[in-house]
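Raw run.pdb, PDB, C-alpha atoms, pLDDT in the B column:
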```
ATOM      1  CA  MET A   1       0.000   0.000   0.000  1.00 57.00           C
ATOM      2  CA  GLY A   2       2.761   2.467   0.947  1.00 64.00           C
ATOM      3  CA  ASN A   3       4.740   1.647  -2.208  1.00 79.00           C
ATOM      4  CA  GLU A   4       1.724   2.405  -4.438  1.00 78.00           C
ATOM      5  CA  PHE A   5       1.242   5.724  -2.665  1.00 72.00           C
ATOM      6  CA  GLN A   6       4.890   6.674  -3.205  1.00 79.00           C
ATOM      7  CA  GLN A   7       4.643   5.740  -6.884  1.00 80.00           C
ATOM      8  CA  ALA A   8       1.468   7.809  -7.307  1.00 77.00           C
ATOM      9  CA  GLU A   9       3.086  10.754  -5.524  1.00 77.00           C
ATOM     10  CA  SER A  10       6.250  10.566  -7.644  1.00 81.00           C
ATOM     11  CA  GLU A  11       4.094  10.344 -10.802  1.00 81.00           C
ATOM     12  CA  PHE A  12       2.150  13.418  -9.666  1.00 79.00           C
ATOM     13  CA  TRP A  13       5.322  15.463  -9.085  1.00 83.00           C
ATOM     14  CA  ARG A  14       6.761  14.309 -12.395  1.00 83.00           C
ATOM     15  CA  GLN A  15       3.648  15.568 -14.176  1.00 82.00           C
ATOM     16  CA  VAL A  16       3.867  18.870 -12.265  1.00 79.00           C
ATOM     17  CA  HIS A  17       7.492  19.369 -13.330  1.00 82.00           C
ATOM     18  CA  GLU A  18       6.691  18.463 -16.938  1.00 86.00           C
ATOM     19  CA  GLY A  19       3.797  20.944 -16.931  1.00 83.00           C
ATOM     20  CA  ARG A  20       6.034  23.706 -15.568  1.00 84.00           C
ATOM     21  CA  ALA A  21       8.712  22.993 -18.169  1.00 86.00           C
ATOM     22  CA  ARG A  22       6.086  23.010 -20.946  1.00 87.00           C
ATOM     23  CA  HIS A  23       4.764  26.324 -19.611  1.00 85.00           C
ATOM     24  CA  ARG A  24       8.277  27.872 -19.630  1.00 85.00           C
ATOM     25  CA  ARG A  25       8.780  26.771 -23.240  1.00 87.00           C
ATOM     26  CA  GLN A  26       5.395  28.223 -24.254  1.00 86.00           C
ATOM     27  CA  VAL A  27       6.133  31.523 -22.508  1.00 83.00           C
ATOM     28  CA  THR A  28       9.458  31.749 -24.274  1.00 84.00           C
ATOM     29  CA  LEU A  29       8.032  30.875 -27.691  1.00 85.00           C
ATOM     30  CA  HIS A  30       4.757  32.793 -27.482  1.00 86.00           C
ATOM     31  CA  ILE A  31       5.737  35.912 -25.510  1.00 85.00           C
ATOM     32  CA  PHE A  32       9.447  36.639 -25.293  1.00 86.00           C
ATOM     33  CA  LEU A  33      10.427  35.527 -28.780  1.00 87.00           C
ATOM     34  CA  PRO A  34       7.838  37.704 -30.615  1.00 87.00           C
ATOM     35  CA  LEU A  35       8.654  40.704 -28.404  1.00 87.00           C
ATOM     36  CA  THR A  36      12.378  40.333 -28.987  1.00 90.00           C
ATOM     37  CA  LEU A  37      11.929  39.885 -32.742  1.00 90.00           C
ATOM     38  CA  GLY A  38       9.619  42.934 -32.836  1.00 87.00           C
ATOM     39  CA  PHE A  39      12.165  45.112 -31.035  1.00 87.00           C
ATOM     40  CA  LEU A  40      14.963  43.888 -33.284  1.00 89.00           C
ATOM     41  CA  LEU A  41      12.825  44.614 -36.349  1.00 88.00           C
ATOM     42  CA  VAL A  42      12.011  48.145 -35.138  1.00 83.00           C
ATOM     43  CA  PHE A  43      15.627  48.956 -34.356  1.00 82.00           C
ATOM     44  CA  GLY A  44      16.766  47.360 -37.627  1.00 82.00           C
ATOM     45  CA  LEU A  45      14.323  49.560 -39.550  1.00 78.00           C
ATOM     46  CA  LEU A  46      15.579  52.564 -37.604  1.00 75.00           C
ATOM     47  CA  PHE A  47      19.151  51.706 -38.522  1.00 76.00           C
ATOM     48  CA  LEU A  48      18.226  51.242 -42.182  1.00 73.00           C
ATOM     49  CA  SER A  49      16.241  54.494 -42.251  1.00 69.00           C
ATOM     50  CA  ILE A  50      19.229  56.458 -40.999  1.00 69.00           C
ATOM     51  CA  TRP A  51      22.127  54.909 -42.921  1.00 69.00           C
ATOM     52  CA  GLY A  52      20.520  53.102 -45.822  1.00 59.00           C
ATOM     53  CA  ASP A  53      19.133  55.984 -47.896  1.00 56.00           C
ATOM     54  CA  GLY A  54      21.674  58.742 -47.582  1.00 57.00           C
ATOM     55  CA  SER A  55      19.245  61.597 -47.018  1.00 64.00           C
ATOM     56  CA  ARG A  56      20.326  62.358 -43.489  1.00 69.00           C
ATOM     57  CA  LEU A  57      17.794  65.051 -42.576  1.00 68.00           C
ATOM     58  CA  SER A  58      14.639  63.030 -43.291  1.00 73.00           C
ATOM     59  CA  ALA A  59      16.113  60.049 -41.498  1.00 68.00           C
ATOM     60  CA  VAL A  60      16.862  62.073 -38.395  1.00 74.00           C
ATOM     61  CA  ALA A  61      13.322  63.499 -38.481  1.00 77.00           C
ATOM     62  CA  ALA A  62      11.868  59.992 -38.764  1.00 77.00           C
ATOM     63  CA  LEU A  63      14.069  58.801 -35.913  1.00 80.00           C
ATOM     64  CA  ALA A  64      12.997  61.733 -33.731  1.00 82.00           C
ATOM     65  CA  THR A  65       9.351  60.982 -34.468  1.00 86.00           C
ATOM     66  CA  ILE A  66       9.813  57.355 -33.503  1.00 86.00           C
ATOM     67  CA  TRP A  67      11.570  58.327 -30.271  1.00 85.00           C
ATOM     68  CA  LEU A  68       8.667  60.654 -29.470  1.00 86.00           C
ATOM     69  CA  ILE A  69       6.111  57.930 -30.101  1.00 90.00           C
ATOM     70  CA  LEU A  70       7.888  55.130 -28.190  1.00 88.00           C
ATOM     71  CA  PRO A  71       7.296  56.544 -24.646  1.00 88.00           C
ATOM     72  CA  ILE A  72       3.613  57.009 -25.438  1.00 91.00           C
ATOM     73  CA  LEU A  73       3.400  53.414 -26.614  1.00 91.00           C
ATOM     74  CA  CYS A  74       5.147  52.242 -23.444  1.00 90.00           C
ATOM     75  CA  LEU A  75       2.688  54.187 -21.282  1.00 92.00           C
ATOM     76  CA  GLN A  76      -0.189  52.678 -23.217  1.00 94.00           C
ATOM     77  CA  ALA A  77       1.270  49.241 -22.564  1.00 93.00           C
ATOM     78  CA  VAL A  78       1.356  50.040 -18.840  1.00 94.00           C
ATOM     79  CA  PHE A  79      -2.278  51.167 -18.923  1.00 95.00           C
ATOM     80  CA  LEU A  80      -3.184  48.030 -20.864  1.00 94.00           C
ATOM     81  CA  ALA A  81      -1.471  45.904 -18.211  1.00 95.00           C
ATOM     82  CA  LEU A  82      -3.394  47.751 -15.477  1.00 95.00           C
ATOM     83  CA  LEU A  83      -6.639  47.198 -17.356  1.00 93.00           C
ATOM     84  CA  ILE A  84      -5.902  43.496 -17.757  1.00 94.00           C
ATOM     85  CA  ALA A  85      -5.067  43.258 -14.041  1.00 95.00           C
ATOM     86  CA  ALA A  86      -8.338  45.014 -13.162  1.00 93.00           C
ATOM     87  CA  VAL A  87     -10.351  42.643 -15.361  1.00 91.00           C
ATOM     88  CA  TYR A  88      -8.584  39.645 -13.854  1.00 92.00           C
ATOM     89  CA  GLY A  89      -9.130  40.963 -10.329  1.00 90.00           C
ATOM     90  CA  LEU A  90     -12.805  41.616 -10.969  1.00 85.00           C
ATOM     91  CA  ALA A  91     -13.222  38.136 -12.421  1.00 82.00           C
ATOM     92  CA  ARG A  92     -11.679  36.671  -9.262  1.00 85.00           C
ATOM     93  CA  LEU A  93     -13.828  38.939  -7.109  1.00 81.00           C
ATOM     94  CA  LEU A  94     -17.004  37.866  -8.887  1.00 77.00           C
ATOM     95  CA  LYS A  95     -16.240  34.233  -8.121  1.00 78.00           C
ATOM     96  CA  ALA A  96     -16.007  35.029  -4.402  1.00 75.00           C
ATOM     97  CA  SER A  97     -18.728  37.644  -4.356  1.00 75.00           C
ATOM     98  CA  PRO A  98     -22.062  35.887  -3.705  1.00 74.00           C
ATOM     99  CA  GLY A  99     -21.436  35.638   0.023  1.00 73.00           C
ATOM    100  CA  MET A 100     -19.557  38.895   0.140  1.00 75.00           C
ATOM    101  CA  ALA A 101     -22.296  40.691  -1.807  1.00 74.00           C
ATOM    102  CA  ILE A 102     -24.956  39.663   0.681  1.00 77.00           C
ATOM    103  CA  GLU A 103     -22.766  40.785   3.557  1.00 82.00           C
ATOM    104  CA  ALA A 104     -22.054  44.096   1.831  1.00 82.00           C
ATOM    105  CA  ARG A 105     -25.780  44.674   1.267  1.00 82.00           C
ATOM    106  CA  VAL A 106     -26.462  43.996   4.963  1.00 86.00           C
ATOM    107  CA  TRP A 107     -23.760  46.472   6.008  1.00 89.00           C
ATOM    108  CA  ASN A 108     -25.079  49.022   3.515  1.00 88.00           C
ATOM    109  CA  TYR A 109     -28.627  48.629   4.862  1.00 90.00           C
ATOM    110  CA  ARG A 110     -27.407  49.086   8.458  1.00 92.00           C
ATOM    111  CA  PHE A 111     -25.408  52.139   7.462  1.00 94.00           C
ATOM    112  CA  GLN A 112     -28.407  53.686   5.676  1.00 93.00           C
ATOM    113  CA  ARG A 113     -30.714  52.966   8.609  1.00 93.00           C
ATOM    114  CA  ASN A 114     -28.337  54.507  11.143  1.00 94.00           C
ATOM    115  CA  LEU A 115     -27.651  57.482   8.901  1.00 95.00           C
ATOM    116  CA  ARG A 116     -31.377  58.167   8.448  1.00 93.00           C
ATOM    117  CA  ARG A 117     -31.957  57.854  12.190  1.00 94.00           C
ATOM    118  CA  LEU A 118     -29.125  60.289  12.860  1.00 94.00           C
ATOM    119  CA  ALA A 119     -30.402  62.741  10.222  1.00 93.00           C
ATOM    120  CA  ASP A 120     -33.932  62.579  11.650  1.00 91.00           C
ATOM    121  CA  ARG A 121     -32.656  63.273  15.165  1.00 93.00           C
ATOM    122  CA  ALA A 122     -30.528  66.146  13.887  1.00 93.00           C
ATOM    123  CA  ALA A 123     -33.442  67.703  11.974  1.00 91.00           C
ATOM    124  CA  GLU A 124     -36.039  67.240  14.746  1.00 93.00           C
ATOM    125  CA  PRO A 125     -35.257  70.455  16.713  1.00 92.00           C
ATOM    126  CA  ILE A 126     -35.345  72.528  13.545  1.00 91.00           C
ATOM    127  CA  LEU A 127     -38.670  71.011  12.518  1.00 90.00           C
ATOM    128  CA  LYS A 128     -40.087  71.656  16.011  1.00 91.00           C
ATOM    129  CA  TRP A 129     -38.875  75.262  15.813  1.00 92.00           C
ATOM    130  CA  HIS A 130     -40.525  75.784  12.431  1.00 90.00           C
ATOM    131  CA  GLU A 131     -43.707  74.117  13.679  1.00 90.00           C
ATOM    132  CA  GLY A 132     -43.835  76.493  16.646  1.00 89.00           C
ATOM    133  CA  LEU A 133     -43.235  79.492  14.385  1.00 88.00           C
ATOM    134  CA  ALA A 134     -46.040  78.329  12.109  1.00 85.00           C
ATOM    135  CA  LYS A 135     -48.405  77.992  15.087  1.00 84.00           C
ATOM    136  CA  ILE A 136     -47.531  81.497  16.291  1.00 83.00           C
ATOM    137  CA  LYS A 137     -47.970  82.900  12.812  1.00 80.00           C
ATOM    138  CA  THR A 138     -51.376  81.292  12.293  1.00 75.00           C
ATOM    139  CA  SER A 139     -52.600  82.344  15.709  1.00 73.00           C
ATOM    140  CA  THR A 140     -51.499  85.957  15.204  1.00 75.00           C
ATOM    141  CA  ASP A 141     -52.661  86.310  11.633  1.00 71.00           C
ATOM    142  CA  LEU A 142     -55.336  89.000  12.129  1.00 70.00           C
ATOM    143  CA  ARG A 143     -56.906  88.546   8.742  1.00 71.00           C
ATOM    144  CA  ARG A 144     -57.497  84.895   9.490  1.00 67.00           C
ATOM    145  CA  VAL A 145     -58.814  85.694  12.957  1.00 66.00           C
ATOM    146  CA  TRP A 146     -61.128  88.388  11.545  1.00 69.00           C
ATOM    147  CA  LYS A 147     -62.396  86.019   8.870  1.00 69.00           C
ATOM    148  CA  ALA A 148     -63.015  83.270  11.426  1.00 66.00           C
ATOM    149  CA  TRP A 149     -64.691  85.784  13.751  1.00 66.00           C
ATOM    150  CA  ASN A 150     -67.043  86.945  11.045  1.00 66.00           C
ATOM    151  CA  SER A 151     -67.850  83.387   9.992  1.00 65.00           C
ATOM    152  CA  VAL A 152     -69.279  82.541  13.438  1.00 61.00           C
ATOM    153  CA  GLY A 153     -71.441  85.627  13.693  1.00 58.00           C
ATOM    154  CA  GLY A 154     -69.108  88.492  14.311  1.00 55.00           C
ATOM    155  CA  TRP A 155     -70.346  91.527  16.222  1.00 55.00           C
ATOM    156  CA  ASN A 156     -73.911  91.618  17.419  1.00 50.00           C
ATOM    157  CA  GLU A 157     -76.201  94.609  17.123  1.00 52.00           C
ATOM    158  CA  ARG A 158     -75.170  96.020  20.481  1.00 50.00           C
ATOM    159  CA  GLY A 159     -71.479  95.976  19.532  1.00 51.00           C
ATOM    160  CA  SER A 160     -70.601  93.528  22.232  1.00 50.00           C
ATOM    161  CA  THR A 161     -67.782  91.152  21.645  1.00 51.00           C
ATOM    162  CA  TYR A 162     -68.838  88.901  24.475  1.00 48.00           C
ATOM    163  CA  HIS A 163     -72.268  88.227  23.181  1.00 46.00           C
ATOM    164  CA  TYR A 164     -72.665  87.357  19.536  1.00 46.00           C
ATOM    165  CA  ASP A 165     -75.412  85.658  17.691  1.00 47.00           C
ATOM    166  CA  PHE A 166     -74.716  82.178  16.523  1.00 50.00           C
ATOM    167  CA  TYR A 167     -78.267  81.658  15.426  1.00 50.00           C
ATOM    168  CA  ASP A 168     -80.773  84.038  14.005  1.00 49.00           C
ATOM    169  CA  TYR A 169     -83.637  83.967  16.538  1.00 49.00           C
ATOM    170  CA  ASP A 170     -85.950  86.172  14.483  1.00 50.00           C
ATOM    171  CA  GLU A 171     -86.660  83.545  11.895  1.00 47.00           C
TER
END
```
As structure tokens, please, write out the structure in this file.
Amino acid sequence: MGNEFQQAESEFWRQVHEGRARHRRQVTLHIFLPLTLGFLLVFGLLFLSIWGDGSRLSAVAALATIWLILPILCLQAVFLALLIAAVYGLARLLKASPGMAIEARVWNYRFQRNLRRLADRAAEPILKWHEGLAKIKTSTDLRRVWKAWNSVGGWNERGSTYHYDFYDYDE
């Protein structure tokens, strides 16, 4: 039993090492080799543009243009790498997010509830103040008082304010 386990473990590690070696070869062939050949091609074309034609001024202008464009291309490569890293990170985050999303929604709900409670408590004295001012204003609005006074009978014939006619007894 122990011998079979050791054989299976050694076979597993052999496959791991073979996979890593295959990966190194693929990285070299698919990434580093094309990049190196591309750089050699660009610099070879630069060399040919300067010394191959003989018109020195146009070659120098072309070389200057290329040297102005290269830093921009490098910065774009950096931004592309950052974008790829962000996409990869978001993909990893989405795999782990169902549980985390529920927890984040719970925390967000608690935060909103506490924030609303705090805002209501902060606004309560101001609302009470405005309510009191509105009560004072409506109670001291003479036009409203006069209108209400006249609607219930107003002044009686004797001019008394203490005795007014709610009903017309003559009818």
If the box runs along x, y and z of the file and leaves 6 Å on each side of range 31-35 of chain A, what are its centre and edge lengths in Å, one decimal, as lines of an AutoDock Vina configuration file?
```
center_x = 8.1
center_y = 38.1
center_z = -28.0
size_x = 16.7
size_y = 17.2
size_z = 17.3
```
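Between CA of Gln7 in chain A and CA of Arg20 in chain A lies a distance of 20.0 Å.
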_Two-atom distance - CA of Leu46 in chain A, CA of Ala64 in chain A (Å)_ = 10.3 Å
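Computed from the coordinates, the CA of Leu75 in chain A to CA of Val42 in chain A distance equals 17.8 Å.
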